[in-house]
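**Q** Right, I'll just put the structure down here and ask away after.
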Amino acid sequence: MKYWNTRLKKMAEYIPGEQPENLDEYIKLNTNESPFSPSPVVLDAIKKAADASLRRYPNPTTMSVREAFAKRNGLTAENVFVANGSDEIFTLLLRGFVDPEALAAFPYPSYSLYYTLAEANGVQYERIPLTKDLDINFADYLKKRYALVIVCNPNNPTGRGVDLGALKNFAGKFKGLLVVDEAYVDFYGETAIDLVRAFDNLIVTRSFSKSYSLAGLRVGIAAANADIIRGFIKLKDSYNVDRLAEAGALAALADQKGFKYNVGMVRDNKEYLEERLGGLGFSVVPSKANFLLVRHPDVSAKKIYEELYARKILVRYFAGAVQSEYVRISIGTMMELRALVKELEAIIKGE
Ligand code: PMP
């Protein structure tokens, strides 16, 4: 740490879920990826892009994806920014959209990278606790003049969604930048993207990492008014999205059949898991995402995490208030979920 600056020394680190080297030995239900492969059409497009053209830089603003995404969502390319994962969008937001004297607010618990990036960029922020039912109370965000609020909808790690009417009402009253992180919206959620045209302070972010089965490709999207998008473009690295990612994202947007097929399977498997966990006495937070936040009356979350880990099943356990009472389980394949249920049954019986 000798050469680190003071901010770097002080900031809390973002700790991602384990990504083991020997992936085949584990059932991996800890980082909300899709358990299903991208469709052959998408894989072919990526393979095709791996040719001699890789010697050239990609399009600096990933225009093909901006246009395709805009068309699908009734926007124009000027309303769309393509990023190296939606994480890059949060980085740029905290780097360039909040003044040093201003204050941001994020719900807690939520996606902890928001807090990490605020600290990394010297942005002051408050964590606003969710209600007892793990929901957002929008009135909490109107009590002060916050310059930036990120609402994760559906929220990670709770899976809870916000009511679109309440969100719209809030967007009309809130004076700062309102970001709606829709990384998980495709599974069950209601999107706020149609509100982008009405509210010039609204940014909606999307990810190809979950519903599009492309976490390894790193593509995210922001939709907002043209002025905000110009800000992102000014701030970003020169070529932030590579040629393979552009080709894959474009093919994935075009292949709605493959997309819907994968999302449908995740939804079916989620129903199965919810039912089986209920049968084992777990309480399951009603989720609109591809993961479940669960706890058991007789066995602590930490113990469940550790016991599963010892059996080579990875789920997510978070330290900290409220969330440490739960484990978060990403929806896997049917085979993975059956193995998980079998092990959970044994853990509960003390076997
Ligand atoms: N938002 C939320 C709420 C997430 O959970 C994640 C995944 N960890 C992301 C954004 C990041 O998505 P991406 O892979 O597009 O950077």
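Naming works like this for the structure tokens: A, B, ... for the chains as they're shown, residue 1 at the start of each chain, ligands 1 onward in shown order.
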From the DSSP assignment of the backbone, select every residue of segment 125-345 of chain A that is helix (DSSP H, G or I), and format the answer as JSON, numbers by chain.

**A** {"A": [138, 139, 140, 141, 142, 164, 165, 166, 167, 168, 169, 170, 171, 172, 173, 185, 186, 187, 188, 193, 194, 195, 226, 227, 228, 229, 230, 231, 232, 233, 234, 235, 243, 244, 245, 246, 247, 248, 249, 250, 251, 252, 253, 254, 256, 257, 258, 259, 260, 261, 262, 263, 264, 265, 266, 267, 268, 269, 270, 271, 272, 273, 274, 275, 276, 277, 278, 279, 301, 302, 303, 304, 305, 306, 307, 308, 309, 310, 323, 324, 325, 334, 335, 336, 337, 338, 339, 340, 341, 342, 343, 344, 345]}

**Q** Using only C-alpha atoms, which residues of segment 31-108 of chain A come within 12 Å of segment 328-333 of chain A, and what is the closest atom pair for each, with the distance in Å to one decimal? Give it as a Markdown table, sorted by chain and residue number.

**A**
```
| residue | atom | partner | partner_atom | distance |
| --- | --- | --- | --- | --- |
| A:Thr31 | CA | A:Ser330 | CA | 6.7 |
| A:Asn32 | CA | A:Ser330 | CA | 4.9 |
| A:Glu33 | CA | A:Ser330 | CA | 7.4 |
| A:Ser34 | CA | A:Gly332 | CA | 7.3 |
| A:Pro35 | CA | A:Gly332 | CA | 5.2 |
| A:Phe36 | CA | A:Thr333 | CA | 7.4 |
| A:Ser37 | CA | A:Thr333 | CA | 10.9 |
```

**Q** List every residue of segment 11-183 of chain A that DSSP, applied to the backbone of this structure, places in strand (DSSP E), and write the result as a list in words.

**A**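 In segment 11-183 of chain A, DSSP puts these residues in strand (DSSP E): Ile27, Lys28, Val80, Phe81, Val82, Ala83, Leu103, Ala104, Ala105, Phe106, Pro107, Tyr108, Gln124, Tyr125, Glu126, Arg127, Ile128, Pro129, Leu148, Val149, Ile150, Val151, Cys152, Leu177, Leu178, Val179, Val180 and Asp181 of chain A.
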
**Q** Counting only C-alpha atoms and all ligand atoms, what are the residues, protein, DNA or RNA alike, that approach ligand 1 to within 9 Å? I want them as a PyMOL selection string.

**A** chain A and resi 16-17+31-33+83-90+110-114+152-157+181-184+205-210+214-221

**Q** With only C-alpha atoms as the counted atoms, please give the residues lying no more than 10 Å from Pro129 of chain A, apart from itself and same-chain residues fewer than 3 positions off, as a ChimeraX atom specification.

**A** /A:106-110,126,132,134-137,140,321-322

**Q** Write the residues of the preceding selection, restricted to N, CA and C atoms, as a tab-separated table (two decimals), in the first residue's frame.

**A**
```tsv
chain	number	residue	atom	x	y	z
A	106	PHE	N	-27.84	5.78	-1.76
A	106	PHE	CA	-28.10	4.44	-2.31
A	106	PHE	C	-28.86	3.64	-1.25
A	107	PRO	N	-29.75	2.78	-1.69
A	107	PRO	CA	-30.44	1.93	-0.72
A	107	PRO	C	-29.46	0.94	-0.09
A	108	TYR	N	-29.82	0.45	1.08
A	108	TYR	CA	-29.04	-0.61	1.73
A	108	TYR	C	-30.01	-1.64	2.31
A	109	PRO	N	-29.81	-2.95	2.08
A	109	PRO	CA	-28.78	-3.50	1.22
A	109	PRO	C	-29.13	-3.37	-0.26
A	110	SER	N	-28.08	-3.16	-1.05
A	110	SER	CA	-28.23	-3.13	-2.50
A	110	SER	C	-26.89	-3.56	-3.09
A	126	GLU	N	-24.90	8.50	1.32
A	126	GLU	CA	-25.58	7.91	2.46
A	126	GLU	C	-26.19	6.59	2.01
A	132	LYS	N	-38.76	-2.62	6.56
A	132	LYS	CA	-38.77	-3.96	7.20
A	132	LYS	C	-39.04	-5.07	6.18
A	134	LEU	N	-38.08	-5.03	3.21
A	134	LEU	CA	-36.99	-4.95	2.23
A	134	LEU	C	-37.40	-4.18	0.97
A	135	ASP	N	-38.28	-3.21	1.14
A	135	ASP	CA	-38.68	-2.37	0.01
A	135	ASP	C	-38.09	-0.97	0.13
A	136	ILE	N	-38.14	-0.24	-0.99
A	136	ILE	CA	-37.67	1.15	-0.99
A	136	ILE	C	-38.82	2.06	-0.59
A	137	ASN	N	-38.52	3.00	0.30
A	137	ASN	CA	-39.51	4.03	0.61
A	137	ASN	C	-39.02	5.32	-0.05
A	140	ASP	N	-37.98	8.67	1.62
A	140	ASP	CA	-36.67	8.80	2.28
A	140	ASP	C	-35.67	9.58	1.42
A	321	ALA	N	-25.38	-5.74	8.33
A	321	ALA	CA	-26.73	-5.73	8.88
A	321	ALA	C	-27.74	-6.26	7.86
A	322	VAL	N	-28.76	-6.89	8.35
A	322	VAL	CA	-29.89	-7.44	7.59
A	322	VAL	C	-29.45	-8.58	6.64
```

**Q** Could you list, as an NGL selection string, every residue within 7 Å of segment 38-45 of chain A, counting only C-alpha atoms and ignoring same-chain residues fewer than 6 positions away?

**A** :A and (212-214 or 247-248 or 251-252 or 258)

**Q** Mind checking which residues fall within 9 Å of Thr62 of chain A, counting only C-alpha atoms, ignoring those fewer than 5 positions away in the same chain, and posting them as an NGL selection string?

**A** :A and (67 or 81-83 or 239-243 or 246)

**Q** Find the residues near Leu164 of chain A: any atom within 9 Å, counting only C-alpha atoms, skip ones fewer than 3 places away on the same chain, and give them as an MDAnalysis selection string.

**A** chainID A and resid 161 167:169 190:192

**Q** Report as a compact mmCIF listing (two decimals) with N, CA, C and O atoms, in the first residue's frame all protein, DNA and RNA residues lying within 12 Å of Asp268 of chain A, evaluated on only C-alpha atoms, omitting residues in the same chain fewer than 5 positions from it.

**A**
```
# COMPACT_ATOMS: atom_id res chain seq x y z
N PHE A 187 -36.23 -10.62 -16.16
CA PHE A 187 -36.80 -11.86 -15.66
C PHE A 187 -38.29 -11.70 -15.31
O PHE A 187 -39.09 -12.55 -15.67
N TYR A 188 -38.64 -10.64 -14.62
CA TYR A 188 -40.05 -10.42 -14.25
C TYR A 188 -40.42 -8.94 -14.19
O TYR A 188 -41.58 -8.60 -14.01
N TYR A 261 -36.01 -17.94 -24.65
CA TYR A 261 -35.89 -19.35 -24.28
C TYR A 261 -35.11 -19.47 -22.96
O TYR A 261 -35.55 -20.13 -22.01
N ASN A 262 -33.96 -18.81 -22.88
CA ASN A 262 -33.13 -18.88 -21.67
C ASN A 262 -33.84 -18.26 -20.47
O ASN A 262 -33.83 -18.81 -19.37
N VAL A 263 -34.46 -17.10 -20.68
CA VAL A 263 -35.17 -16.43 -19.58
C VAL A 263 -36.32 -17.33 -19.08
O VAL A 263 -36.54 -17.47 -17.87
N LEU A 273 -37.42 -24.08 -7.43
CA LEU A 273 -36.59 -23.89 -6.24
C LEU A 273 -37.39 -23.25 -5.10
O LEU A 273 -37.27 -23.66 -3.94
N GLU A 274 -38.20 -22.27 -5.46
CA GLU A 274 -39.02 -21.60 -4.45
C GLU A 274 -39.89 -22.61 -3.71
O GLU A 274 -39.98 -22.61 -2.48
N GLU A 275 -40.51 -23.48 -4.48
CA GLU A 275 -41.41 -24.47 -3.90
C GLU A 275 -40.64 -25.46 -3.00
O GLU A 275 -41.05 -25.73 -1.88
N ASN A 290 -33.40 -13.36 -10.94
CA ASN A 290 -32.94 -14.74 -11.16
C ASN A 290 -32.18 -15.27 -9.95
O ASN A 290 -31.22 -16.01 -10.10
N ILE A 331 -30.38 -18.74 -9.57
CA ILE A 331 -31.08 -19.86 -10.19
C ILE A 331 -30.15 -20.59 -11.15
O ILE A 331 -29.51 -19.96 -12.00
N GLY A 332 -30.06 -21.90 -10.97
CA GLY A 332 -29.17 -22.71 -11.80
C GLY A 332 -29.96 -23.61 -12.74
O GLY A 332 -31.17 -23.41 -12.96
N THR A 333 -29.28 -24.61 -13.29
CA THR A 333 -29.98 -25.61 -14.10
C THR A 333 -30.78 -26.50 -13.15
O THR A 333 -30.55 -26.51 -11.94
N MET A 334 -31.69 -27.29 -13.72
CA MET A 334 -32.50 -28.18 -12.90
C MET A 334 -31.61 -29.18 -12.14
O MET A 334 -31.84 -29.46 -10.97
N LEU A 337 -29.99 -27.44 -9.24
CA LEU A 337 -30.93 -27.12 -8.15
C LEU A 337 -31.35 -28.37 -7.39
O LEU A 337 -31.54 -28.33 -6.17
```

**Q** May I ask for the distance between atom CA of Tyr309 of chain A and atom CA of Ser211 of chain A, given in Å to one decimal place?

**A** 25.6 Å
